[in-house]
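Enquirer: final_3.cif is reproduced below (mmCIF, C-alpha atoms).
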```
data_query
loop_
_atom_site.label_atom_id
_atom_site.label_comp_id
_atom_site.auth_asym_id
_atom_site.auth_seq_id
_atom_site.Cartn_x
_atom_site.Cartn_y
_atom_site.Cartn_z
CA MET A 1 1.40 1.61 -42.13
CA GLN A 2 3.90 2.03 -39.29
CA ASN A 3 2.34 5.33 -38.32
CA LYS A 4 -1.13 3.80 -38.31
CA ASN A 5 0.10 0.92 -36.21
CA PHE A 6 1.69 3.31 -33.76
CA LYS A 7 -1.53 5.32 -33.45
CA ASN A 8 -3.55 2.16 -32.88
CA ARG A 9 -1.22 1.02 -30.13
CA LEU A 10 -1.24 4.49 -28.60
CA TRP A 11 -5.03 4.39 -28.27
CA ILE A 12 -5.00 0.87 -26.85
CA TYR A 13 -2.23 1.62 -24.35
CA SER A 14 -3.87 4.93 -23.38
CA SER A 15 -7.10 3.13 -22.55
CA LEU A 16 -5.18 0.61 -20.44
CA VAL A 17 -3.27 3.34 -18.60
CA PHE A 18 -6.51 5.22 -18.01
CA ALA A 19 -8.02 2.03 -16.58
CA ILE A 20 -5.03 1.64 -14.23
CA ILE A 21 -5.46 5.23 -13.09
CA LEU A 22 -9.09 4.55 -12.25
CA ASP A 23 -8.11 1.31 -10.53
CA THR A 24 -5.57 3.00 -8.29
CA TYR A 25 -7.90 5.85 -7.43
CA LEU A 26 -8.84 5.84 -3.75
CA PHE A 27 -12.44 5.17 -2.82
CA PRO A 28 -14.09 4.51 0.56
CA GLU A 29 -13.17 1.19 2.17
CA VAL A 30 -16.37 -0.64 1.16
CA VAL A 31 -16.13 0.49 -2.45
CA MET A 32 -12.43 -0.43 -2.60
CA GLN A 33 -13.18 -4.11 -2.04
CA TRP A 34 -15.99 -4.24 -4.59
CA LYS A 35 -14.78 -1.91 -7.30
CA PRO A 36 -14.16 -3.65 -10.63
CA LEU A 37 -10.70 -4.26 -11.98
CA LEU A 38 -11.04 -2.07 -15.05
CA VAL A 39 -7.57 -2.77 -16.38
CA LEU A 40 -8.32 -6.50 -16.66
CA LEU A 41 -11.71 -5.83 -18.26
CA THR A 42 -10.06 -3.49 -20.74
CA LEU A 43 -7.33 -6.01 -21.42
CA ILE A 44 -9.90 -8.74 -22.04
CA TYR A 45 -11.78 -6.49 -24.44
CA TRP A 46 -8.73 -5.57 -26.51
CA ASN A 47 -7.52 -9.13 -26.39
CA MET A 48 -10.82 -10.34 -27.71
CA ALA A 49 -11.36 -7.56 -30.23
CA LEU A 50 -7.84 -7.23 -31.56
CA PRO A 51 -5.98 -10.41 -30.66
CA ASP A 52 -3.17 -9.62 -33.07
CA LYS A 53 -2.42 -6.34 -31.32
CA VAL A 54 -2.89 -7.18 -27.66
CA GLY A 55 -1.45 -10.41 -26.35
CA ILE A 56 0.67 -11.97 -23.66
CA PHE A 57 3.17 -9.15 -23.53
CA GLU A 58 0.52 -6.55 -22.67
CA ALA A 59 -1.13 -8.87 -20.15
CA LEU A 60 2.20 -9.52 -18.46
CA LEU A 61 3.30 -5.88 -18.54
CA PHE A 62 0.11 -4.46 -17.09
CA GLY A 63 -0.12 -7.33 -14.61
CA LEU A 64 3.33 -6.55 -13.25
CA ILE A 65 2.49 -2.84 -13.08
CA MET A 66 -0.59 -3.75 -11.05
CA ASP A 67 1.61 -5.86 -8.75
CA LEU A 68 3.88 -2.90 -8.16
CA LEU A 69 0.97 -0.57 -7.51
CA ASN A 70 -1.02 -3.01 -5.42
CA GLY A 71 1.71 -4.43 -3.24
CA SER A 72 0.65 -8.01 -3.93
CA VAL A 73 3.10 -10.86 -4.45
CA PHE A 74 5.19 -9.74 -7.41
CA GLY A 75 4.07 -11.71 -10.45
CA LEU A 76 0.66 -12.76 -9.15
CA HIS A 77 -1.33 -10.19 -11.13
CA GLY A 78 0.89 -10.91 -14.13
CA LEU A 79 0.22 -14.64 -13.89
CA LEU A 80 -3.54 -14.19 -13.52
CA PHE A 81 -3.74 -11.59 -16.29
CA VAL A 82 -1.88 -13.91 -18.66
CA LEU A 83 -4.06 -16.90 -17.77
CA ILE A 84 -7.35 -15.00 -17.98
CA THR A 85 -6.52 -13.29 -21.25
CA TYR A 86 -5.34 -16.63 -22.62
CA ILE A 87 -8.61 -18.29 -21.64
CA CYS A 88 -10.60 -15.44 -23.19
CA GLN A 89 -8.59 -15.54 -26.39
CA ARG A 90 -8.43 -19.32 -26.60
CA PHE A 91 -12.20 -19.51 -26.49
CA PHE A 92 -12.91 -16.23 -28.17
CA TYR A 93 -14.70 -17.91 -31.09
CA GLN A 94 -17.38 -18.91 -28.60
CA PHE A 95 -16.95 -15.90 -26.30
CA ARG A 96 -17.13 -13.21 -28.95
CA VAL A 97 -20.31 -14.39 -30.60
CA SER A 98 -22.21 -15.06 -27.39
CA PRO A 99 -24.68 -12.42 -26.12
CA ILE A 100 -23.29 -9.77 -23.81
CA TRP A 101 -25.09 -11.15 -20.75
CA GLN A 102 -23.49 -14.54 -21.32
CA GLN A 103 -20.11 -12.88 -21.60
CA SER A 104 -20.82 -11.16 -18.29
CA VAL A 105 -21.68 -14.48 -16.64
CA ILE A 106 -18.44 -16.05 -17.88
CA LEU A 107 -16.49 -13.03 -16.65
CA PHE A 108 -18.24 -13.26 -13.29
CA PHE A 109 -16.75 -16.72 -12.73
CA LEU A 110 -13.34 -15.69 -14.04
CA PHE A 111 -13.22 -12.65 -11.76
CA PHE A 112 -14.43 -14.68 -8.80
CA VAL A 113 -11.57 -17.13 -9.29
CA PHE A 114 -9.22 -14.19 -9.83
CA LYS A 115 -10.16 -12.65 -6.48
CA MET A 116 -9.93 -15.97 -4.69
CA ALA A 117 -6.33 -16.35 -5.81
CA PHE A 118 -5.46 -13.40 -3.58
CA ALA A 119 -6.78 -15.20 -0.52
CA PHE A 120 -3.82 -17.60 -0.52
CA ASP A 121 -1.27 -16.91 2.13
CA PHE A 122 1.89 -16.88 0.04
CA TYR A 123 4.07 -15.46 2.80
CA ASP A 124 2.86 -18.08 5.26
CA VAL A 125 2.31 -15.55 8.00
CA THR A 126 -1.34 -15.84 8.85
CA LEU A 127 -3.29 -18.14 11.06
CA GLY A 128 -7.01 -18.31 10.61
CA ILE A 129 -7.37 -16.73 7.18
CA TYR A 130 -8.69 -19.26 4.71
CA VAL A 131 -10.31 -19.17 1.34
CA SER A 132 -13.57 -20.06 3.07
CA ASP A 133 -13.52 -16.85 5.14
CA SER A 134 -17.10 -15.59 4.77
CA PHE A 135 -16.12 -11.92 4.69
CA TYR A 136 -13.63 -12.54 1.92
CA LEU A 137 -16.08 -14.72 0.02
CA LEU A 138 -18.65 -11.96 0.17
CA ASN A 139 -16.10 -9.45 -1.08
CA ALA A 140 -15.02 -11.78 -3.87
CA PHE A 141 -18.64 -12.28 -4.86
CA GLY A 142 -19.28 -8.53 -4.83
CA PHE A 143 -16.12 -7.84 -6.78
CA ALA A 144 -16.97 -10.42 -9.45
CA LEU A 145 -20.56 -9.21 -9.67
CA VAL A 146 -19.64 -5.53 -10.04
CA SER A 147 -16.92 -6.40 -12.56
CA SER A 148 -19.33 -8.43 -14.67
CA ILE A 149 -21.91 -5.65 -14.52
CA PHE A 150 -19.28 -3.16 -15.63
CA TRP A 151 -18.41 -5.34 -18.61
CA THR A 152 -21.46 -4.22 -20.62
CA PRO A 153 -20.89 -0.45 -20.53
CA LEU A 154 -17.14 -0.91 -20.90
CA PHE A 155 -17.65 -3.21 -23.87
CA TYR A 156 -19.77 -0.66 -25.74
CA LEU A 157 -17.48 2.19 -24.74
CA LEU A 158 -14.35 0.45 -25.97
CA ARG A 159 -16.12 -0.80 -29.09
CA GLU A 160 -17.02 2.79 -29.90
CA LEU A 161 -13.41 3.80 -29.34
CA ARG A 162 -12.20 0.96 -31.54
CA ARG A 163 -14.59 1.85 -34.37
CA ARG A 164 -13.73 5.51 -34.28
CA LYS A 165 -10.02 5.47 -33.59
CA ILE A 166 -8.50 2.13 -34.49
CA LYS A 167 -7.78 1.88 -38.17
CA LEU A 168 -7.02 -1.60 -39.48
CA MET B 1 1.05 -4.81 -44.32
CA LEU B 2 2.58 -6.66 -41.44
CA LYS B 3 3.05 -10.38 -41.75
CA ARG B 4 0.83 -11.12 -38.75
CA GLU B 5 -2.13 -9.18 -40.08
CA HIS B 6 -4.46 -11.49 -41.92
CA LYS B 7 -6.10 -10.34 -45.08
CA VAL B 8 -9.57 -10.78 -43.60
CA SER B 9 -8.82 -8.15 -40.98
CA ASN B 10 -8.49 -5.59 -43.73
CA ILE B 11 -11.86 -6.33 -45.26
CA SER B 12 -13.87 -5.49 -42.18
CA SER B 13 -12.99 -4.34 -38.72
CA GLU B 14 -15.33 -7.02 -37.34
CA ALA B 15 -13.94 -9.99 -39.25
CA ILE B 16 -10.93 -11.07 -37.26
CA PHE B 17 -11.74 -14.71 -36.76
CA ALA B 18 -8.88 -15.89 -38.92
CA ILE B 19 -6.26 -14.45 -36.57
CA PRO B 20 -4.58 -17.17 -34.55
CA ALA B 21 -4.86 -17.09 -30.78
CA MET B 22 -1.92 -16.81 -28.39
CA LYS B 23 0.70 -19.45 -28.83
CA PRO B 24 0.48 -21.88 -25.91
CA SER B 25 4.28 -22.06 -25.73
CA ARG B 26 4.47 -18.31 -25.10
CA VAL B 27 1.78 -18.58 -22.45
CA VAL B 28 3.75 -21.34 -20.73
CA ILE B 29 6.92 -19.22 -20.80
CA ALA B 30 5.01 -16.22 -19.39
CA VAL B 31 3.49 -18.40 -16.64
CA ILE B 32 6.89 -19.84 -15.71
CA PHE B 33 8.34 -16.33 -15.66
CA CYS B 34 5.56 -15.12 -13.34
CA LEU B 35 5.97 -18.13 -11.07
CA PHE B 36 9.70 -17.41 -10.91
CA LEU B 37 8.98 -13.79 -9.95
CA MET B 38 6.51 -14.92 -7.29
CA LEU B 39 8.92 -17.44 -5.81
CA THR B 40 11.78 -14.94 -5.64
CA ASP B 41 9.43 -12.40 -4.08
CA VAL B 42 8.14 -14.81 -1.44
CA ARG B 43 11.58 -16.27 -0.71
CA TYR B 44 13.89 -13.23 -1.09
CA GLU B 45 11.43 -10.30 -1.12
CA SER B 46 12.66 -9.23 -4.54
CA GLY B 47 9.34 -7.48 -5.16
CA SER B 48 9.98 -5.09 -2.27
CA TYR B 49 13.26 -3.92 -3.76
CA LEU B 50 11.69 -3.51 -7.16
CA ARG B 51 8.75 -1.62 -5.68
CA SER B 52 10.93 0.83 -3.79
CA VAL B 53 12.78 1.67 -7.01
CA SER B 54 9.74 1.67 -9.23
CA TYR B 55 7.68 4.06 -7.09
CA ASP B 56 9.91 6.85 -8.26
CA LEU B 57 9.45 5.74 -11.85
CA ILE B 58 5.68 5.36 -11.68
CA LYS B 59 5.20 8.54 -9.70
CA PRO B 60 3.80 10.35 -12.78
CA LEU B 61 1.15 7.63 -12.95
CA THR B 62 0.15 8.19 -9.34
CA LEU B 63 0.09 11.93 -10.00
CA LEU B 64 -2.33 11.26 -12.82
CA THR B 65 -4.65 9.54 -10.37
CA ARG B 66 -5.04 12.88 -8.63
CA ILE B 67 -6.41 14.53 -11.76
CA PRO B 68 -10.10 13.79 -10.97
CA ASN B 69 -9.68 15.38 -7.52
CA TYR B 70 -7.81 18.30 -8.99
CA LEU B 71 -10.46 18.87 -11.65
CA PHE B 72 -13.18 18.72 -9.03
CA GLU B 73 -11.35 21.26 -6.89
CA VAL B 74 -10.64 23.52 -9.84
CA SER B 75 -14.23 23.41 -11.01
CA THR B 76 -15.49 24.09 -7.47
CA VAL B 77 -13.17 27.05 -7.11
CA PHE B 78 -14.11 28.25 -10.58
CA PHE B 79 -17.83 28.27 -9.92
CA THR B 80 -17.59 29.76 -6.43
CA SER B 81 -15.14 32.38 -7.69
CA ARG B 82 -17.47 33.26 -10.51
CA GLN B 83 -20.38 33.57 -8.14
CA SER B 84 -18.30 35.73 -5.86
CA LEU B 85 -17.21 37.88 -8.75
CA VAL B 86 -20.77 38.67 -9.69
CA GLU B 87 -21.45 39.85 -6.16
CA LYS B 88 -18.19 41.74 -5.81
CA VAL B 89 -18.42 43.51 -9.16
CA GLU B 90 -21.23 45.54 -7.64
CA LEU B 91 -19.03 46.48 -4.70
CA LEU B 92 -15.32 46.45 -5.29
CA GLU B 93 -14.87 44.53 -8.51
CA ARG B 94 -11.53 42.91 -9.06
CA GLU B 95 -9.72 43.83 -5.86
CA ASN B 96 -12.22 41.99 -3.72
CA PHE B 97 -12.07 39.01 -5.97
CA LYS B 98 -8.32 38.83 -5.47
CA LEU B 99 -8.79 38.95 -1.73
CA GLU B 100 -11.34 36.17 -2.00
CA ALA B 101 -8.89 34.03 -3.92
CA ILE B 102 -6.19 34.70 -1.33
CA ASN B 103 -8.59 33.84 1.43
CA ASN B 104 -9.43 30.58 -0.28
CA SER B 105 -5.83 29.56 -0.47
CA LEU B 106 -5.28 30.66 3.15
CA ASP B 107 -8.20 28.54 4.22
CA LYS B 108 -6.68 25.54 2.52
CA LEU B 109 -3.36 26.37 4.16
CA SER B 110 -4.93 26.68 7.59
CA ILE B 111 -6.72 23.35 7.15
CA ASP B 112 -3.42 21.71 6.27
CA LEU B 113 -1.71 23.42 9.22
CA ARG B 114 -4.47 22.32 11.55
CA LYS B 115 -4.04 18.77 10.35
CA ILE B 116 -0.29 18.93 10.84
CA ASN B 117 -0.63 20.47 14.32
CA SER B 118 -3.15 17.87 15.29
CA LEU B 119 -0.76 15.22 14.01
CA ARG B 120 2.10 16.61 16.09
CA SER B 121 0.04 16.95 19.26
CA SER B 122 -1.24 13.42 18.88
CA ALA B 123 2.28 12.00 19.15
CA ASN B 124 2.68 11.07 22.77
CA LEU B 125 6.45 11.55 22.64
CA ASP B 126 9.12 14.02 23.64
CA LEU B 127 9.49 16.28 20.61
CA ASP B 128 12.89 17.57 21.66
CA GLU B 129 14.56 14.22 21.65
CA GLU B 130 12.76 12.55 18.81
CA LEU B 131 12.84 13.45 15.15
CA PHE B 132 9.52 13.60 13.36
CA LEU B 133 8.92 14.03 9.69
CA ILE B 134 5.60 15.02 8.23
CA SER B 135 4.85 13.16 5.09
CA LYS B 136 2.05 13.31 2.56
CA LYS B 137 0.23 10.28 1.27
CA ASN B 138 1.17 9.30 -2.25
CA PHE B 139 -1.25 6.42 -2.62
CA LEU B 140 -2.83 3.50 -0.84
CA SER B 141 -3.34 0.17 -2.53
CA SER B 142 -6.65 -1.67 -2.24
CA ASN B 143 -4.93 -4.97 -1.48
CA GLU B 144 -7.19 -6.40 1.23
CA TYR B 145 -4.76 -8.54 3.19
CA GLN B 146 -1.58 -6.63 2.49
CA PRO B 147 -2.62 -2.99 2.07
CA LEU B 148 0.24 -0.80 1.06
CA LEU B 149 0.66 2.87 1.94
CA VAL B 150 3.19 4.92 0.00
CA LEU B 151 4.33 8.25 1.40
CA ASP B 152 6.21 11.07 -0.29
CA VAL B 153 9.52 11.71 1.44
CA ASP B 154 12.63 13.76 0.77
CA HIS B 155 15.72 11.87 -0.23
CA ASP B 156 17.97 13.71 2.24
CA ASN B 157 16.17 12.74 5.44
CA ASN B 158 17.24 10.33 8.17
CA LEU B 159 14.60 7.71 7.56
CA THR B 160 15.42 4.08 8.00
CA ILE B 161 13.53 0.83 7.63
CA ASN B 162 11.18 0.10 10.56
CA ASN B 163 10.53 3.75 11.45
CA ALA B 164 7.08 4.05 13.02
CA VAL B 165 4.38 5.92 11.09
CA LEU B 166 1.67 7.73 13.04
CA SER B 167 -1.49 9.63 12.38
CA GLU B 168 -3.47 11.77 14.78
CA GLU B 169 -5.53 8.68 15.61
CA GLY B 170 -2.58 6.51 16.56
CA LEU B 171 -0.09 4.08 15.10
CA VAL B 172 -0.47 3.52 11.36
CA GLY B 173 2.38 1.13 10.63
CA ARG B 174 6.09 1.01 9.96
CA VAL B 175 8.34 1.81 7.04
CA THR B 176 9.29 -1.34 5.16
CA ASN B 177 10.96 0.06 2.07
CA LEU B 178 12.62 3.31 1.15
CA GLY B 179 12.85 4.69 -2.34
CA PHE B 180 14.53 7.89 -3.47
CA LEU B 181 11.39 9.99 -3.01
CA SER B 182 8.98 7.57 -1.42
CA ALA B 183 8.58 5.28 1.56
CA GLU B 184 6.52 2.12 1.63
CA VAL B 185 4.59 1.54 4.85
CA MET B 186 3.32 -1.77 6.18
CA LEU B 187 0.04 -0.93 7.89
CA VAL B 188 -1.01 -2.31 11.28
CA GLN B 189 -3.94 -3.95 9.47
CA ASP B 190 -1.54 -5.93 7.25
CA VAL B 191 -1.61 -9.68 7.91
CA ARG B 192 2.21 -9.64 8.09
CA SER B 193 2.16 -7.04 10.84
CA SER B 194 2.71 -8.03 14.46
CA ILE B 195 2.96 -5.36 17.15
CA PRO B 196 4.01 -5.80 20.77
CA ILE B 197 1.34 -4.05 22.86
CA ILE B 198 0.40 -3.41 26.45
CA SER B 199 -3.15 -2.97 27.66
CA SER B 200 -4.16 0.22 29.47
CA GLU B 201 -6.00 -1.20 32.51
CA SER B 202 -4.78 -4.74 33.03
CA SER B 203 -1.19 -3.86 31.92
CA LEU B 204 -0.83 -7.18 30.14
CA HIS B 205 1.61 -7.67 27.29
CA ALA B 206 0.58 -9.31 24.03
CA SER B 207 1.24 -9.42 20.34
CA LEU B 208 -1.30 -7.75 18.08
CA LYS B 209 -1.73 -9.18 14.62
CA GLY B 210 -3.37 -7.48 11.64
CA MET B 211 -6.05 -9.41 9.77
CA GLY B 212 -6.54 -7.21 6.71
CA LEU B 213 -7.94 -3.82 5.79
CA GLY B 214 -11.43 -3.22 7.13
CA ARG B 215 -11.10 -6.15 9.54
CA LYS B 216 -10.43 -6.31 13.23
CA GLY B 217 -7.00 -7.29 14.49
CA GLU B 218 -6.43 -10.13 16.95
CA LEU B 219 -4.25 -10.72 19.96
CA ASN B 220 -2.15 -13.83 19.55
CA PHE B 221 -1.85 -16.73 21.95
CA ILE B 222 -3.66 -15.28 24.96
CA LYS B 223 -4.20 -17.81 27.73
CA LYS B 224 -7.73 -18.28 28.96
CA THR B 225 -6.74 -17.07 32.41
CA ALA B 226 -5.67 -13.63 31.10
CA SER B 227 -7.78 -10.77 32.46
CA PHE B 228 -8.23 -8.54 29.40
CA ARG B 229 -11.40 -6.47 29.42
CA GLU B 230 -13.57 -5.21 26.59
CA GLY B 231 -13.08 -1.51 25.87
CA GLU B 232 -9.50 -1.54 27.10
CA LYS B 233 -7.16 0.63 25.06
CA LEU B 234 -3.96 -0.84 23.70
CA PHE B 235 -0.63 0.97 23.43
CA THR B 236 2.70 -0.07 21.96
CA SER B 237 4.86 -1.62 24.65
CA GLY B 238 8.18 -0.76 23.03
CA LEU B 239 9.40 -4.34 23.28
CA GLY B 240 11.47 -5.39 20.32
CA ASP B 241 12.70 -1.83 19.88
CA VAL B 242 10.81 -1.31 16.64
CA PHE B 243 7.94 0.90 17.79
CA PRO B 244 8.37 3.57 20.46
CA GLN B 245 6.56 3.01 23.71
CA GLY B 246 3.10 4.45 24.40
CA LEU B 247 1.57 4.88 20.95
CA LEU B 248 -2.16 4.32 20.80
CA VAL B 249 -3.05 1.38 18.57
CA GLY B 250 -6.64 0.34 19.18
CA GLU B 251 -9.11 -1.04 21.67
CA ILE B 252 -10.51 -4.43 22.58
CA VAL B 253 -13.96 -4.85 21.07
CA SER B 254 -14.71 -8.47 21.84
CA ILE B 255 -13.36 -11.36 23.90
CA SER B 256 -14.59 -14.85 23.21
CA ASP B 257 -13.62 -18.25 24.56
CA PRO B 258 -13.73 -20.82 21.72
CA VAL B 259 -14.18 -24.34 22.97
CA ASP B 260 -11.90 -25.83 20.34
CA SER B 261 -8.93 -23.61 21.17
CA GLU B 262 -6.65 -23.31 24.16
CA PHE B 263 -6.41 -19.54 23.67
CA LEU B 264 -8.82 -16.65 23.95
CA LYS B 265 -10.01 -14.93 20.80
CA ILE B 266 -9.61 -11.20 21.39
CA GLU B 267 -10.62 -8.83 18.60
CA ILE B 268 -9.15 -5.36 18.33
CA SER B 269 -10.53 -2.34 16.55
CA PHE B 270 -7.73 -0.19 15.12
CA PHE B 271 -8.02 3.54 15.67
CA SER B 272 -6.10 4.63 12.63
CA SER B 273 -7.32 4.23 9.06
CA PRO B 274 -5.08 5.58 6.32
CA ILE B 275 -7.97 6.04 3.90
CA ASN B 276 -9.16 9.39 5.20
CA GLN B 277 -5.75 10.74 6.15
CA ASP B 278 -3.56 12.94 3.98
CA TYR B 279 -0.63 13.58 6.29
CA PHE B 280 1.38 11.20 8.41
CA LEU B 281 4.12 11.55 10.95
CA ILE B 282 7.20 9.39 10.55
CA HIS B 283 9.09 8.79 13.75
CA ALA B 284 12.76 8.67 12.76
CA LYS B 285 14.88 7.22 15.52
#
```
Represent the structure of the file as structure tokens.
Expert:
Amino acid sequence: MQNKNFKNRLWIYSSLVFAIILDTYLFPEVVMQWKPLLVLLTLIYWNMALPDKVGIFEALLFGLIMDLLNGSVFGLHGLLFVLITYICQRFFYQFRVSPIWQQSVILFFLFFVFKMAFAFDFYDVTLGIYVSDSFYLLNAFGFALVSSIFWTPLFYLLRELRRRKIKL
Amino acid sequence: MLKREHKVSNISSEAIFAIPAMKPSRVVIAVIFCLFLMLTDVRYESGSYLRSVSYDLIKPLTLLTRIPNYLFEVSTVFFTSRQSLVEKVELLERENFKLEAINNSLDKLSIDLRKINSLRSSANLDLDEELFLISKKNFLSSNEYQPLLVLDVDHDNNLTINNAVLSEEGLVGRVTNLGFLSAEVMLVQDVRSSIPIISSESSLHASLKGMGLGRKGELNFIKKTASFREGEKLFTSGLGDVFPQGLLVGEIVSISDPVDSEFLKIEISFFSSPINQDYFLIHAK
């Protein structure tokens, strides 16, 4: 049982680490702003599919790793990851049974809010950068859209991985 | 079977509805913990210290991010080498193939050397008196407002905080944190960055502020009587003793006079972009 549990966690953690690697991979400037946050999508999937195996600890851990890699305010990714995964898990009875396109729409709004949280000037150093900045809004929209589009293939990919490799 | 695993989960991999969701109390604790981390980071910059230490720890992770590039390069070399081999087998078989492989690696070396030479020649400074270190990019974060560049450095160098970082296109930023094998660089595009500059033609001093990656910078608090001109190049003025004097930073792309402000709005296009650069020059004072 312990061995099986360890293997399950290994697969889950490997997928999350792989998602982080893809997230930190350098793309051209335009793509960088719009590319989906795969680690959060992966986290949401595992959280929804196996809520007893992936929870707050994983959300917090991978959020803090993202903070270190991204150079954002330390704890911000962690906070948002915890809140988003909590929302997804809290309402996963409704979320899980809804069609995939509806899930994508819900994720679109979640990711939009997620991106907007990074527009706040925590260090109080900027003048003239607001949440209503049109360039940032466009980027946030693009980011949320691409992330929600990526949800479908990622969902089926991870479901396949879960069915093949995760033994309950 | 673990206590937390519900019986239903063992019947079917799909039936997991009986598993309880996250405990709200744990979520609250996690949220408070994150808020505490954020507050200490904003107030005492604790995140910077943690980052400088952790870069060394997460270096294997950043090395893994290079795997796709490495695989692409390996596969390219493999296929070209194979193609070459077919041609050379008719002529000189394996010896020529070896030479081809050596040539390939020499080409790569010469490209790197050309980049480094170009980097050195771009520094408008006296090389005898100043100490320059060439450093390779480790990774660049996609954080829009506070982009973060991490460079590989040796632990036994003379680097200090606030050392200027240059590329062949001009000033890139300054070192803000030093780890054992890495240096964190605050880019000129960073919203926290403020650089004292002097304009090339009008010789006016100003403070250049970053507005985020992929955005134009702005000159702060410029009176409406100031005679800046579009297309003027901007260099570091050396005031404040952080950046050396005379480093190219960018050029003025637009000057507007907003009616609701007592200052001019002057937008600057930065010359340097760390995205397409592999090597950087660190100016150690």
Enquirer: Quick one: axis-aligned box around all listed atoms of stretch 53-72 of chain A, 3 Å on every side, centre and edge lengths in Å to one decimal, written as AutoDock Vina command-line options.
Expert:
```
--center_x 0.5 --center_y -6.3 --center_z -17.3 --size_x 12.8 --size_y 17.4 --size_z 34.1
```
Enquirer: Quick one: residues within 7 Å of stretch 262-272 of chain B, all atoms listed in the file, excluding same-chain residues fewer than 2 positions away - as a PyMOL selection string?
Expert: chain B and resi 167+169-172+216-219+221-224+249-258+260+274
Enquirer: Between atom CA of A:Gln89 and atom CA of A:Asn47, what distance in Å does the model show, to one decimal?
Expert: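 For atom CA of A:Gln89 relative to atom CA of A:Asn47, the distance reads 6.5 Å.
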Enquirer: How far is it from atom CA of A:Gly71 to atom CA of A:Leu137, in Å with one decimal?
Expert: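 Result for atom CA of A:Gly71 versus atom CA of A:Leu137: 20.8 Å, one decimal.
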Enquirer: Check what the PyMOL selection byres ((chain B and resi 145) around 8) selects in the file above and give those residues as a CSV table (one decimal) with C-alpha atoms, in the frame of the given file.
Expert:
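Heads up, here's the output in out-v2.csv:
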```csv
chain,number,residue,atom,x,y,z
A,119,ALA,CA,-6.8,-15.2,-0.5
B,143,ASN,CA,-4.9,-5.0,-1.5
B,144,GLU,CA,-7.2,-6.4,1.2
B,146,GLN,CA,-1.6,-6.6,2.5
B,147,PRO,CA,-2.6,-3.0,2.1
B,189,GLN,CA,-3.9,-4.0,9.5
B,190,ASP,CA,-1.5,-5.9,7.2
B,191,VAL,CA,-1.6,-9.7,7.9
B,211,MET,CA,-6.0,-9.4,9.8
B,212,GLY,CA,-6.5,-7.2,6.7
B,213,LEU,CA,-7.9,-3.8,5.8
```
